[in-house]
Number of protein chains: 2
Amino acid sequence: MKFEKPEILLIGTGAVGSFYGGKLSQAGARVSALCRSDFDAVKKNGIEIKSIFGNLKFTPEITINRISQYDRVPDYIIVATKVLPEIDIPNLIKDAVHPETSIVLLQNGIDIERPVSAAFPSNEIIDGLAFICVSRTSAGKIEHQDYGRIVLGRYPSGKSEKAEALRDLLTRAGVPCEIDDDIIAARWKKLVWNAPFNPISVLAGGANTRGMMESKATYTLIKKVMEEVALLAEKTGHKLPDGVIEKNLSDTAVMKPYKTSMLLDYENKRPMEVEAILGNAVRIAQSMGIEVPHIESLYGILTLSDRQNRS
Amino acid sequence: MKFEKPEILLIGTGAVGSFYGGKLSQAGARVSALCRSDFDAVKKNGIEIKSIFGNLKFTPEITINRISQYDRVPDYIIVATKVLPEIDIPNLIKDAVHPETSIVLLQNGIDIERPVSAAFPSNEIIDGLAFICVSRTSAGKIEHQDYGRIVLGRYPSGKSEKAEALRDLLTRAGVPCEIDDDIIAARWKKLVWNAPFNPISVLAGGANTRGMMESKATYTLIKKVMEEVALLAEKTGHKLPDGVIEKNLSDTAVMKPYKTSMLLDYENKRPMEVEAILGNAVRIAQSMGIEVPHIESLYGILTLSDRQNRS
């Protein structure tokens, strides 16, 4: 197998990056890590992962806090930072991108690939979507509480040998992993849930999924936001399966009450992914002349909420 | 003059009721007051009003905490409570309503007259809108910081001798007061400001007017909500003057940063007037088949925010 022990550079050792980086390392990949705030702790002690899949110690091959310290030729660069206007991904990774490097965007949101795709037009881009409850409890310490499935696919569409190689490694490490040839559709599908629940949980003053489902006017709003996401998906050529909205609603209704990741960010005064989750969808709609007033309303309030929360 | 010294029963001694009750008393009206939480303090010491129009001590003719204690025949009952589903106004006032009693609704919101109008179909209803910054600082203590104008009019429309008599009294006490023969249009006009700014100030996590005006996506939302309010006004036969939205926006842009009353309610864990400000507008739109998705979005989040805040 060609990429049995691939050379991987992980950008960002937050909860999601550390978890999947750790699992890939466990499966035999040579995983180095670029850290920011947790550099000292990770350099000294590696990353401890408490997981329902089994606890794990992840010691990166090389732990760096500046990209120039990395002197290998990576088969993959896995970007696992948040998607925020102030994080310039192309600039952050450019010194490590080689012609044969695949860039994996393990990030939330819609239409987030554009800057990377524009900066590295001849590199393969692989999109990754993580369905996982995992959090960073302190520097270099990660706790994986629930789920863990990951979906990978070549961006903008099609097959990728290297995405498949990643899937094989993750599967070997016990992570449920699927390949999706229409990964943009998969992003829209994930956004069906994220676009209403993440923002509303914050804007309602801190609500969990049960609270949001119980209030009739809120439920109506959630459904309308989902309908607008499905409409955008369809109009951009990625029609979602019938019943996707009903399934999201009924699944959420039986979930144990769940605090969204955006609410955790808000409560911890961390920046929220406003543009990746809402702003890009609004701009796609505007560029195509599609009305998405409910998404636009959430966006109008969440931008201010985020701004207030940062200051 | 027929109503030179009218007999008035004031329902609610919050900031707005106390202020205008006090000014009417100062002008010669015999004003009694039904209090709830402040009964002991008001009974003992009356109400102290610190005001930019001049400080004032307001001692009600009779101070009661149950309507059955009131044995007079009021020319006016002035309702100055909040508009909340749990406050049953008709039931609260019915023992004091006589055939000749005019019921004055000095309250916020749209379409709030319906229950009172249905319960007392042969009584005159006068609508009142207060444009004032006034707050209750402690039991029986009111502080009037800014503005103070009041608009009165017969509901649903037309002239009212008794509204004019109230205006004359208020004018005598130095309160700017106008009569509007289309008072429902005046309510819609006030809602142009209230519908966006009050909810968004709360939902954005506590924003003042300047913050709301500075964020581009928020400004867009504010404008769209205003447009929907103006559309509803027009469709219900109360077309607002041209330029009303631009004027609201430009006036707000030059105001000193202002914390909305709804935000003060939220921060003090008091119920918010969700239905009077948004819910009734949504229902009017639904009954007429008019789309108001931005108002609907605010409503969907604010109902939950209010619910969380009360519990």
# chains A, B, ... in the order shown; residues from 1 in each chain; ligands from 1
$ closest_atom_pairs --of "stretch 185-239 of chain B" --to "stretch 203-209 of chain A" --cutoff "8 Å" --atoms "only C-alpha atoms" --output "CSV"
residue,atom,partner,partner_atom,distance
B:Leu203,CA,A:Leu203,CA,5.0
B:Ala204,CA,A:Leu203,CA,6.2
B:Gly205,CA,A:Leu203,CA,7.1
$ interface_residues --of "chain B" --to "chain A" --cutoff "7 Å" --atoms "only C-alpha atoms" --output "PyMOL selection string"
chain B and resi 200+203-205+215+217-218+221+293-294+297+299-305
$ write_last_selection --atoms "C-alpha atoms" --output "short mmCIF file (atom, residue, chain, number, x, y, z; two decimals), in the first residue's frame"
data_model
loop_
_atom_site.label_atom_id
_atom_site.label_comp_id
_atom_site.auth_asym_id
_atom_site.auth_seq_id
_atom_site.Cartn_x
_atom_site.Cartn_y
_atom_site.Cartn_z
CA ILE B 200 -31.62 42.40 18.72
CA LEU B 203 -30.25 38.45 21.33
CA ALA B 204 -26.81 39.81 20.47
CA GLY B 205 -25.84 39.29 24.11
CA SER B 215 -22.18 45.98 12.49
CA ALA B 217 -24.93 42.50 8.79
CA THR B 218 -26.88 43.68 11.84
CA LEU B 221 -31.23 42.96 9.42
CA PRO B 293 -39.32 36.09 7.70
CA HIS B 294 -37.01 38.49 9.50
CA SER B 297 -36.71 34.84 12.96
CA TYR B 299 -39.57 35.97 17.30
CA GLY B 300 -38.31 32.39 17.06
CA ILE B 301 -35.22 33.18 19.10
CA LEU B 302 -36.71 35.73 21.49
CA THR B 303 -39.45 33.38 22.72
CA LEU B 304 -36.75 30.93 23.77
CA SER B 305 -34.55 33.66 25.20
#
$ select_by_dssp --residues "stretch 13-97 of chain A" --states "alpha helix (DSSP H)" --output "list in words"
Ala15, Val16, Gly17, Ser18, Phe19, Tyr20, Gly21, Gly22, Lys23, Leu24, Ser25, Gln26, Phe39, Asp40, Ala41, Val42, Lys43, Lys44, Asn45, Ile89, Pro90, Asn91, Leu92 and Ile93 of chain A
$ write_last_selection --atoms "N, CA and C atoms" --output "PDB file, in the first residue's frame"
ATOM      1  N   ALA A  15      -9.154  20.170  19.771  1.00  0.00           N
ATOM      2  CA  ALA A  15      -9.749  18.880  20.081  1.00  0.00           C
ATOM      3  C   ALA A  15      -9.819  17.974  18.855  1.00  0.00           C
ATOM      4  N   VAL A  16     -10.381  18.491  17.757  1.00  0.00           N
ATOM      5  CA  VAL A  16     -10.593  17.662  16.569  1.00  0.00           C
ATOM      6  C   VAL A  16      -9.261  17.251  15.944  1.00  0.00           C
ATOM      7  N   GLY A  17      -8.355  18.208  15.774  1.00  0.00           N
ATOM      8  CA  GLY A  17      -7.066  17.912  15.170  1.00  0.00           C
ATOM      9  C   GLY A  17      -6.275  16.902  15.993  1.00  0.00           C
ATOM     10  N   SER A  18      -6.239  17.108  17.293  1.00  0.00           N
ATOM     11  CA  SER A  18      -5.491  16.198  18.151  1.00  0.00           C
ATOM     12  C   SER A  18      -6.064  14.790  18.092  1.00  0.00           C
ATOM     13  N   PHE A  19      -7.392  14.709  18.097  1.00  0.00           N
ATOM     14  CA  PHE A  19      -8.003  13.387  18.105  1.00  0.00           C
ATOM     15  C   PHE A  19      -7.648  12.597  16.841  1.00  0.00           C
ATOM     16  N   TYR A  20      -7.942  13.197  15.668  1.00  0.00           N
ATOM     17  CA  TYR A  20      -7.702  12.448  14.433  1.00  0.00           C
ATOM     18  C   TYR A  20      -6.211  12.321  14.135  1.00  0.00           C
ATOM     19  N   GLY A  21      -5.427  13.323  14.499  1.00  0.00           N
ATOM     20  CA  GLY A  21      -3.975  13.213  14.374  1.00  0.00           C
ATOM     21  C   GLY A  21      -3.467  12.042  15.207  1.00  0.00           C
ATOM     22  N   GLY A  22      -3.986  11.936  16.414  1.00  0.00           N
ATOM     23  CA  GLY A  22      -3.596  10.850  17.319  1.00  0.00           C
ATOM     24  C   GLY A  22      -3.970   9.487  16.755  1.00  0.00           C
ATOM     25  N   LYS A  23      -5.160   9.384  16.190  1.00  0.00           N
ATOM     26  CA  LYS A  23      -5.610   8.103  15.638  1.00  0.00           C
ATOM     27  C   LYS A  23      -4.765   7.710  14.416  1.00  0.00           C
ATOM     28  N   LEU A  24      -4.422   8.698  13.595  1.00  0.00           N
ATOM     29  CA  LEU A  24      -3.595   8.417  12.412  1.00  0.00           C
ATOM     30  C   LEU A  24      -2.199   7.964  12.842  1.00  0.00           C
ATOM     31  N   SER A  25      -1.695   8.618  13.867  1.00  0.00           N
ATOM     32  CA  SER A  25      -0.393   8.241  14.405  1.00  0.00           C
ATOM     33  C   SER A  25      -0.450   6.809  14.945  1.00  0.00           C
ATOM     34  N   GLN A  26      -1.529   6.511  15.654  1.00  0.00           N
ATOM     35  CA  GLN A  26      -1.732   5.156  16.193  1.00  0.00           C
ATOM     36  C   GLN A  26      -1.764   4.111  15.066  1.00  0.00           C
ATOM     37  N   PHE A  39       1.795  24.826  22.545  1.00  0.00           N
ATOM     38  CA  PHE A  39       3.111  24.342  22.096  1.00  0.00           C
ATOM     39  C   PHE A  39       3.974  23.779  23.235  1.00  0.00           C
ATOM     40  N   ASP A  40       4.129  24.548  24.301  1.00  0.00           N
ATOM     41  CA  ASP A  40       5.016  24.108  25.384  1.00  0.00           C
ATOM     42  C   ASP A  40       4.572  22.768  25.963  1.00  0.00           C
ATOM     43  N   ALA A  41       3.275  22.673  26.244  1.00  0.00           N
ATOM     44  CA  ALA A  41       2.748  21.443  26.850  1.00  0.00           C
ATOM     45  C   ALA A  41       2.905  20.247  25.905  1.00  0.00           C
ATOM     46  N   VAL A  42       2.603  20.456  24.633  1.00  0.00           N
ATOM     47  CA  VAL A  42       2.660  19.340  23.675  1.00  0.00           C
ATOM     48  C   VAL A  42       4.099  18.928  23.416  1.00  0.00           C
ATOM     49  N   LYS A  43       4.970  19.920  23.286  1.00  0.00           N
ATOM     50  CA  LYS A  43       6.402  19.650  23.080  1.00  0.00           C
ATOM     51  C   LYS A  43       6.945  18.799  24.234  1.00  0.00           C
ATOM     52  N   LYS A  44       6.523  19.129  25.440  1.00  0.00           N
ATOM     53  CA  LYS A  44       7.060  18.455  26.628  1.00  0.00           C
ATOM     54  C   LYS A  44       6.420  17.081  26.860  1.00  0.00           C
ATOM     55  N   ASN A  45       5.100  17.031  26.775  1.00  0.00           N
ATOM     56  CA  ASN A  45       4.391  15.814  27.194  1.00  0.00           C
ATOM     57  C   ASN A  45       3.549  15.141  26.125  1.00  0.00           C
ATOM     58  N   ILE A  89      -5.106  30.667   6.267  1.00  0.00           N
ATOM     59  CA  ILE A  89      -4.607  29.296   6.082  1.00  0.00           C
ATOM     60  C   ILE A  89      -3.539  29.210   4.983  1.00  0.00           C
ATOM     61  N   PRO A  90      -3.779  29.766   3.798  1.00  0.00           N
ATOM     62  CA  PRO A  90      -2.742  29.647   2.756  1.00  0.00           C
ATOM     63  C   PRO A  90      -1.388  30.171   3.234  1.00  0.00           C
ATOM     64  N   ASN A  91      -1.393  31.293   3.888  1.00  0.00           N
ATOM     65  CA  ASN A  91      -0.156  31.887   4.369  1.00  0.00           C
ATOM     66  C   ASN A  91       0.486  31.037   5.469  1.00  0.00           C
ATOM     67  N   LEU A  92      -0.375  30.452   6.279  1.00  0.00           N
ATOM     68  CA  LEU A  92       0.093  29.635   7.401  1.00  0.00           C
ATOM     69  C   LEU A  92       0.816  28.383   6.919  1.00  0.00           C
ATOM     70  N   ILE A  93       0.331  27.774   5.845  1.00  0.00           N
ATOM     71  CA  ILE A  93       0.881  26.471   5.428  1.00  0.00           C
ATOM     72  C   ILE A  93       1.844  26.542   4.255  1.00  0.00           C
TER      73      ILE A  93
END
$ residues_around --residues "B:Val134" --least-positions-apart "4" --cutoff "6 Å" --atoms "only C-alpha atoms" --output "JSON, numbers by chain"
{"B": [15, 143, 144, 145]}
$ residues_around --residues "B:Gly243" --least-positions-apart "6" --cutoff "12 Å" --atoms "only C-alpha atoms" --output "PyMOL selection string"
chain B and resi 189+192+226-227+230+249-251
